[in-house]
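Just below is one structure, and these are the notes that go with it.
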2 protein chains.
Amino acid sequence: MGKKIPKQQSIDMQQLADMAGVSKSTVSRALSDSSVVNKRTKEKILELANKHHFVMNETARSLRLQRSNMICLVLMHDVELGAHLSDPFFLRMVGCVVDSLAKSGHDLALYHKPLETADEFRATRVYRQCDGTIFIGQGMIHEELNKLASHEKPIVVWGADLPERNYRVVGTDNIMGGKQATQHLLNQGCRRIAFFGDVRKPELALRHEGYTSALREADIEVDSSLQLAPPMERHAADQIIDNFIKSKKDIDGIVCCSDMLAATAISSLHEHGIEVPSQVAVTGYDDLEIGTRLRPALTTVSQNIQAGGEQLVQKMMALLAGKQIRDSIRESSLVVRKSSLRDGK
Amino acid sequence: MGKKIPKQQSIDMQQLADMAGVSKSTVSRALSDSSVVNKRTKEKILELANKHHFVMNETARSLRLQRSNMICLVLMHDVELGAHLSDPFFLRMVGCVVDSLAKSGHDLALYHKPLETADEFRATRVYRQCDGTIFIGQGMIHEELNKLASHEKPIVVWGADLPERNYRVVGTDNIMGGKQATQHLLNQGCRRIAFFGDVRKPELALRHEGYTSALREADIEVDSSLQLAPPMERHAADQIIDNFIKSKKDIDGIVCCSDMLAATAISSLHEHGIEVPSQVAVTGYDDLEIGTRLRPALTTVSQNIQAGGEQLVQKMMALLAGKQIRDSIRESSLVVRKSSLRDGK
DNA sequence: AGACAAAATACAATCGATTGCAACAATAAA
DNA sequence: TTTATTGTTGCAATCGATTGTATTTTGTCT
């Protein structure tokens, strides 16, 4: 407390070289365990490096090697959709991506600001610093992602397989997911089924497509007044969902586009004395831990997030490697993992 | 799909200078909006930069300026404590820190691997790349954090105010938090109160201290068989908690060290047909969204995570700025925000 | 010892931006 | 016109590592 502790000064390769009585080339080679360096010299240098707490200047190294081994992860975040990270889906995804990246010897930089244009993003420091970018979600900037992909640094996107797409995407079959959830409710006997999710987001639009398709197949008309697009911001969402549930007493099912939404809906239903699932049944999406903590446990569409994160990283690595060989790579290799329906309790 | 789209080649300052018919010094100054550059020259350069999609090489810039403007965030993660990010507390913290950093013009690199020693961390690329590090939690490496702090790059830690501490810390009053939660249960009439949390973690040890202190004041003996340290890993934790609840039928309250733990406990209690809170009352910690979705809503100790994130960043910025003026700064400025008790329903 | 190959090390250019200082141009004052 | 002053721009060193090539050292064989 208040004590002055002198910071240890960091040392560079030249100083290490001087101490070892060799040139910095030799130090560099020794540290990278090059086979041309004499074994005893190598040992001496390593010992000195250790003793003096040598830490390499990574920036200089990156400059020389023309790569930083950093990948940027963008948690997509539209201006209009409100802020604050609270959906645990993102945490799981970040965790899986960072772990996968670590396995390939890469580090992760996080970006979390609303994004409107490709140029805006290219002007950010993380973009300039990183070798490539992984986007979680397409938000509403599909076209801008196309533009971004035409530039030198590779991008990979978690999201939907949209038409006119020039970037690589990893994702699951959202149409099928939405359809399965809806069919599950239909099988439970539900007939007036609401849909909670902002269809301005491509993935959710596809889930909605699955929802309508399931309804049509059951000869049920889609009631546009049962479609709700709750904002991301928690309190606003709570309010809007609560109002909806108050005013639509005749619904008997809700297809939600995330487990968090489902939890909110169930909480609101309880608040109004509506029994779940006997009076209104609810499905979630993502199969997160929260769903298993609710009573009754949530029926939800499972996306294998870990596999998704791994795929994203794998694709990114392929693009980075490809770039070093040939300058332009563009092949369609959408990874589709089939959504599965999981029944709680 | 399969179409070959040539990537746009990136351009450097020299090329931009050539096109503008000036030297790269002038380009550099123009891009940083230096006042010495002629207005028309500046406009011409900016126009060209825009037209040719100029993106500065951030690595070269960092090397020259001797700073990357990147801060590393370590989600503390002990080898023995299991893996996988699922507690939304971390997401909230990451979100708050990244947002605060952005406001100070910094970016965030994420680190998420088990950490045992300071030297091990100093050897990582993120450490070398970043200007400083923020740790979320002290894990079990308090001593190693002390070592790390003695080196050139600043660190700030979210955690407990431990004795013999040479690094800056931001946190809340964990003793008080644990005490308040316990007293709340005592006030509800609970007498056999269990504690769920791994006291090997300093913060949780303090909460436990608050717990025992509250019990003592109520003249209740602390029963060591009611202390449970669930692992981080979800399934293992579920199992252990379930076994505990099965075997300790006589408890009437549980103080949990996180809302996730509380949710798990409540879920398990329900599973065994035990009423919450009438038969067993439960408190959480962190005041996360999940607590508000449970029925009945969770009583929890609130930590102002946003303020915490801001403080962490603010301290880091102070250390970085201080370093530029004087070489060693060490003053005690622990930020203690009083925990508050929040009653759901 | 001398010649030659092999092993180990040093030299110097390079990555792309920044910036102190020198140089030049334009304008004003003498 | 000359000189001083101010406004712009260019030169070249610098940040700290990597690496192709040149050079020195070491060891082997005759």
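Residues are named by chain letter and number: chains run A, B, ... in the order of the structure tokens, numbers start at 1 in each chain, and ligands are numbered from 1 in the order shown.
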
- Query: Mind listing as a VMD selection string which residues of chain C are within 7 Å of chain A, counting only C-alpha atoms (C1' of nucleotides)?
  - Reply: chain C and resid 8 to 10 15

If you keep all heavy atoms, can you produce a file of those selected residues as a JSON list (two decimals), in the first residue's frame?
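Now in selection.json:
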```json
[["chain", "number", "residue", "atom", "x", "y", "z"],
["C", 8, "DA", "P", 26.68, -26.61, -35.06],
["C", 8, "DA", "OP1", 26.93, -27.15, -33.70],
["C", 8, "DA", "OP2", 25.37, -26.78, -35.72],
["C", 8, "DA", "O5'", 27.03, -25.05, -35.03],
["C", 8, "DA", "C5'", 28.30, -24.67, -34.53],
["C", 8, "DA", "C4'", 28.48, -23.18, -34.73],
["C", 8, "DA", "O4'", 28.52, -22.89, -36.14],
["C", 8, "DA", "C3'", 27.36, -22.31, -34.16],
["C", 8, "DA", "O3'", 27.95, -21.48, -33.17],
["C", 8, "DA", "C2'", 26.83, -21.50, -35.34],
["C", 8, "DA", "C1'", 27.95, -21.61, -36.35],
["C", 8, "DA", "N9", 27.56, -21.59, -37.76],
["C", 8, "DA", "C8", 26.66, -22.40, -38.39],
["C", 8, "DA", "N7", 26.53, -22.17, -39.67],
["C", 8, "DA", "C5", 27.41, -21.12, -39.90],
["C", 8, "DA", "C6", 27.76, -20.41, -41.09],
["C", 8, "DA", "N6", 27.21, -20.67, -42.28],
["C", 8, "DA", "N1", 28.67, -19.42, -40.96],
["C", 8, "DA", "C2", 29.22, -19.18, -39.78],
["C", 8, "DA", "N3", 28.98, -19.78, -38.59],
["C", 8, "DA", "C4", 28.06, -20.76, -38.74],
["C", 9, "DT", "P", 27.07, -20.48, -32.30],
["C", 9, "DT", "OP1", 27.74, -20.28, -31.01],
["C", 9, "DT", "OP2", 25.66, -20.90, -32.35],
["C", 9, "DT", "O5'", 27.23, -19.13, -33.12],
["C", 9, "DT", "C5'", 28.51, -18.56, -33.25],
["C", 9, "DT", "C4'", 28.48, -17.47, -34.31],
["C", 9, "DT", "O4'", 28.02, -17.99, -35.56],
["C", 9, "DT", "C3'", 27.55, -16.30, -33.99],
["C", 9, "DT", "O3'", 28.35, -15.20, -33.61],
["C", 9, "DT", "C2'", 26.79, -16.05, -35.29],
["C", 9, "DT", "C1'", 27.55, -16.88, -36.31],
["C", 9, "DT", "N1", 26.74, -17.40, -37.44],
["C", 9, "DT", "C2", 26.96, -16.89, -38.70],
["C", 9, "DT", "O2", 27.79, -16.02, -38.94],
["C", 9, "DT", "N3", 26.16, -17.43, -39.69],
["C", 9, "DT", "C4", 25.21, -18.42, -39.53],
["C", 9, "DT", "O4", 24.57, -18.82, -40.49],
["C", 9, "DT", "C5", 25.03, -18.92, -38.20],
["C", 9, "DT", "C7", 24.03, -19.98, -37.91],
["C", 9, "DT", "C6", 25.80, -18.39, -37.22],
["C", 10, "DA", "P", 27.70, -13.80, -33.21],
["C", 10, "DA", "OP1", 28.56, -13.18, -32.20],
["C", 10, "DA", "OP2", 26.26, -13.98, -32.97],
["C", 10, "DA", "O5'", 27.88, -12.99, -34.58],
["C", 10, "DA", "C5'", 29.16, -12.93, -35.20],
["C", 10, "DA", "C4'", 29.10, -12.09, -36.45],
["C", 10, "DA", "O4'", 28.38, -12.81, -37.49],
["C", 10, "DA", "C3'", 28.39, -10.74, -36.29],
["C", 10, "DA", "O3'", 29.16, -9.77, -36.99],
["C", 10, "DA", "C2'", 27.02, -10.98, -36.94],
["C", 10, "DA", "C1'", 27.34, -12.01, -38.01],
["C", 10, "DA", "N9", 26.25, -12.93, -38.33],
["C", 10, "DA", "C8", 25.59, -13.76, -37.46],
["C", 10, "DA", "N7", 24.68, -14.51, -38.02],
["C", 10, "DA", "C5", 24.74, -14.16, -39.37],
["C", 10, "DA", "C6", 24.03, -14.60, -40.49],
["C", 10, "DA", "N6", 23.08, -15.54, -40.45],
["C", 10, "DA", "N1", 24.34, -14.04, -41.68],
["C", 10, "DA", "C2", 25.29, -13.10, -41.73],
["C", 10, "DA", "N3", 26.03, -12.62, -40.74],
["C", 10, "DA", "C4", 25.70, -13.19, -39.57],
["C", 15, "DC", "P", 10.06, -4.44, -47.35],
["C", 15, "DC", "OP1", 9.53, -5.03, -48.57],
["C", 15, "DC", "OP2", 10.51, -3.03, -47.31],
["C", 15, "DC", "O5'", 8.98, -4.60, -46.20],
["C", 15, "DC", "C5'", 8.51, -5.88, -45.79],
["C", 15, "DC", "C4'", 7.84, -5.75, -44.45],
["C", 15, "DC", "O4'", 8.86, -5.68, -43.44],
["C", 15, "DC", "C3'", 7.05, -4.45, -44.29],
["C", 15, "DC", "O3'", 5.69, -4.69, -44.64],
["C", 15, "DC", "C2'", 7.21, -4.10, -42.82],
["C", 15, "DC", "C1'", 8.39, -4.94, -42.35],
["C", 15, "DC", "N1", 9.55, -4.16, -41.82],
["C", 15, "DC", "C2", 10.12, -4.52, -40.60],
["C", 15, "DC", "O2", 9.64, -5.47, -39.98],
["C", 15, "DC", "N3", 11.18, -3.82, -40.12],
["C", 15, "DC", "C4", 11.66, -2.79, -40.83],
["C", 15, "DC", "N4", 12.70, -2.13, -40.32],
["C", 15, "DC", "C5", 11.11, -2.41, -42.09],
["C", 15, "DC", "C6", 10.05, -3.12, -42.54]]
```

Give me, as a PyMOL selection string, the residues of range 118-247 of chain B that a backbone DSSP run labels helix (DSSP H, G or I). chain B and resi 118-122+125-129+142-149+174-187+202-217+224-226+234-247

At a cut-off of 9 Å, which residues of chain D touch chain A? Count only C-alpha atoms (C1' of nucleotides) and give the answer as a JSON list (two decimals) with C-alpha atoms (C1' of nucleotides), in the first residue's frame.
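Generated output (iface_2.json):
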```
[["chain", "number", "residue", "atom", "x", "y", "z"],
["D", 15, "DC", "C1'", 10.74, 1.13, -33.14],
["D", 16, "DG", "C1'", 12.42, -4.60, -32.40],
["D", 17, "DA", "C1'", 12.23, -8.54, -34.46],
["D", 18, "DT", "C1'", 13.34, -12.01, -38.76],
["D", 19, "DT", "C1'", 16.06, -14.05, -42.41]]
```

*Could you tell me, as a VMD selection string, which residues of range 60-270 of chain B DSSP assigns to strand (DSSP E or B) when given the backbone?*
chain B and resid 70 to 75 107 to 111 132 to 136 155 to 158 168 to 172 193 to 196 227 to 228 253 to 256

Do you know which residues are at most 9 Å from range 23-29 of chain C counting only C-alpha atoms (C1' of nucleotides), after dropping those on the same chain fewer than 3 positions away, and could you put them as JSON, numbers by chain? {"D": [3, 4, 5, 6, 7, 8, 9, 10]}

- request: For Ala160 in chain A, work out the shell of residues within 7 Å, counting only C-alpha atoms (C1' of nucleotides) and skipping chain neighbours fewer than 2 positions away, then give it as JSON, numbers by chain.
  value: {"A": [162, 171, 202, 203]}

Pull C-alpha atoms from the residues just selected and write them as a PDB file, in the first residue's frame.
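Saved file out-v5.pdb follows:
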```pdb
ATOM      1  CA  LEU A 162     -28.489 -15.869 -47.556  1.00  0.00           C
ATOM      2  CA  GLY A 171     -24.718 -22.039 -39.093  1.00  0.00           C
ATOM      3  CA  PRO A 202     -31.805 -13.092 -41.211  1.00  0.00           C
ATOM      4  CA  GLU A 203     -31.515 -16.103 -38.945  1.00  0.00           C
TER       5      GLU A 203
END
```

All residues 9 Å or closer to Cys190 in chain B, only C-alpha atoms (C1' of nucleotides), same chain fewer than 4 positions away omitted, as a ChimeraX atom specification: /B:184-186,251-253,280-281

Next, the residues of the selection above should be written as a CSV table (one decimal), in the first residue's frame with N, CA, C and O atoms.
```
chain,number,residue,atom,x,y,z
B,184,HIS,N,-30.3,-12.4,5.9
B,184,HIS,CA,-31.7,-12.4,5.2
B,184,HIS,C,-32.3,-13.8,5.5
B,184,HIS,O,-33.5,-13.8,5.9
B,185,LEU,N,-31.6,-14.8,5.4
B,185,LEU,CA,-32.2,-16.2,5.6
B,185,LEU,C,-32.5,-16.3,7.1
B,185,LEU,O,-33.6,-16.9,7.4
B,186,LEU,N,-31.6,-15.8,7.9
B,186,LEU,CA,-31.9,-15.9,9.4
B,186,LEU,C,-33.2,-15.2,9.7
B,186,LEU,O,-34.0,-15.7,10.5
B,251,ILE,N,-31.8,-29.2,6.1
B,251,ILE,CA,-31.5,-27.8,5.9
B,251,ILE,C,-32.7,-27.0,5.6
B,251,ILE,O,-33.7,-27.5,5.1
B,252,ASP,N,-32.7,-25.7,5.9
B,252,ASP,CA,-33.8,-24.9,5.6
B,252,ASP,C,-33.4,-23.6,4.9
B,252,ASP,O,-34.2,-22.7,4.7
B,253,GLY,N,-32.1,-23.5,4.5
B,253,GLY,CA,-31.7,-22.4,3.7
B,253,GLY,C,-30.3,-22.7,3.1
B,253,GLY,O,-29.6,-23.5,3.5
B,280,VAL,N,-37.2,-24.7,2.0
B,280,VAL,CA,-35.8,-24.3,2.0
B,280,VAL,C,-35.7,-22.9,1.2
B,280,VAL,O,-36.2,-22.9,0.1
B,281,ALA,N,-35.1,-21.9,1.8
B,281,ALA,CA,-34.9,-20.6,1.2
B,281,ALA,C,-33.5,-20.5,0.6
B,281,ALA,O,-32.6,-21.1,1.1
```
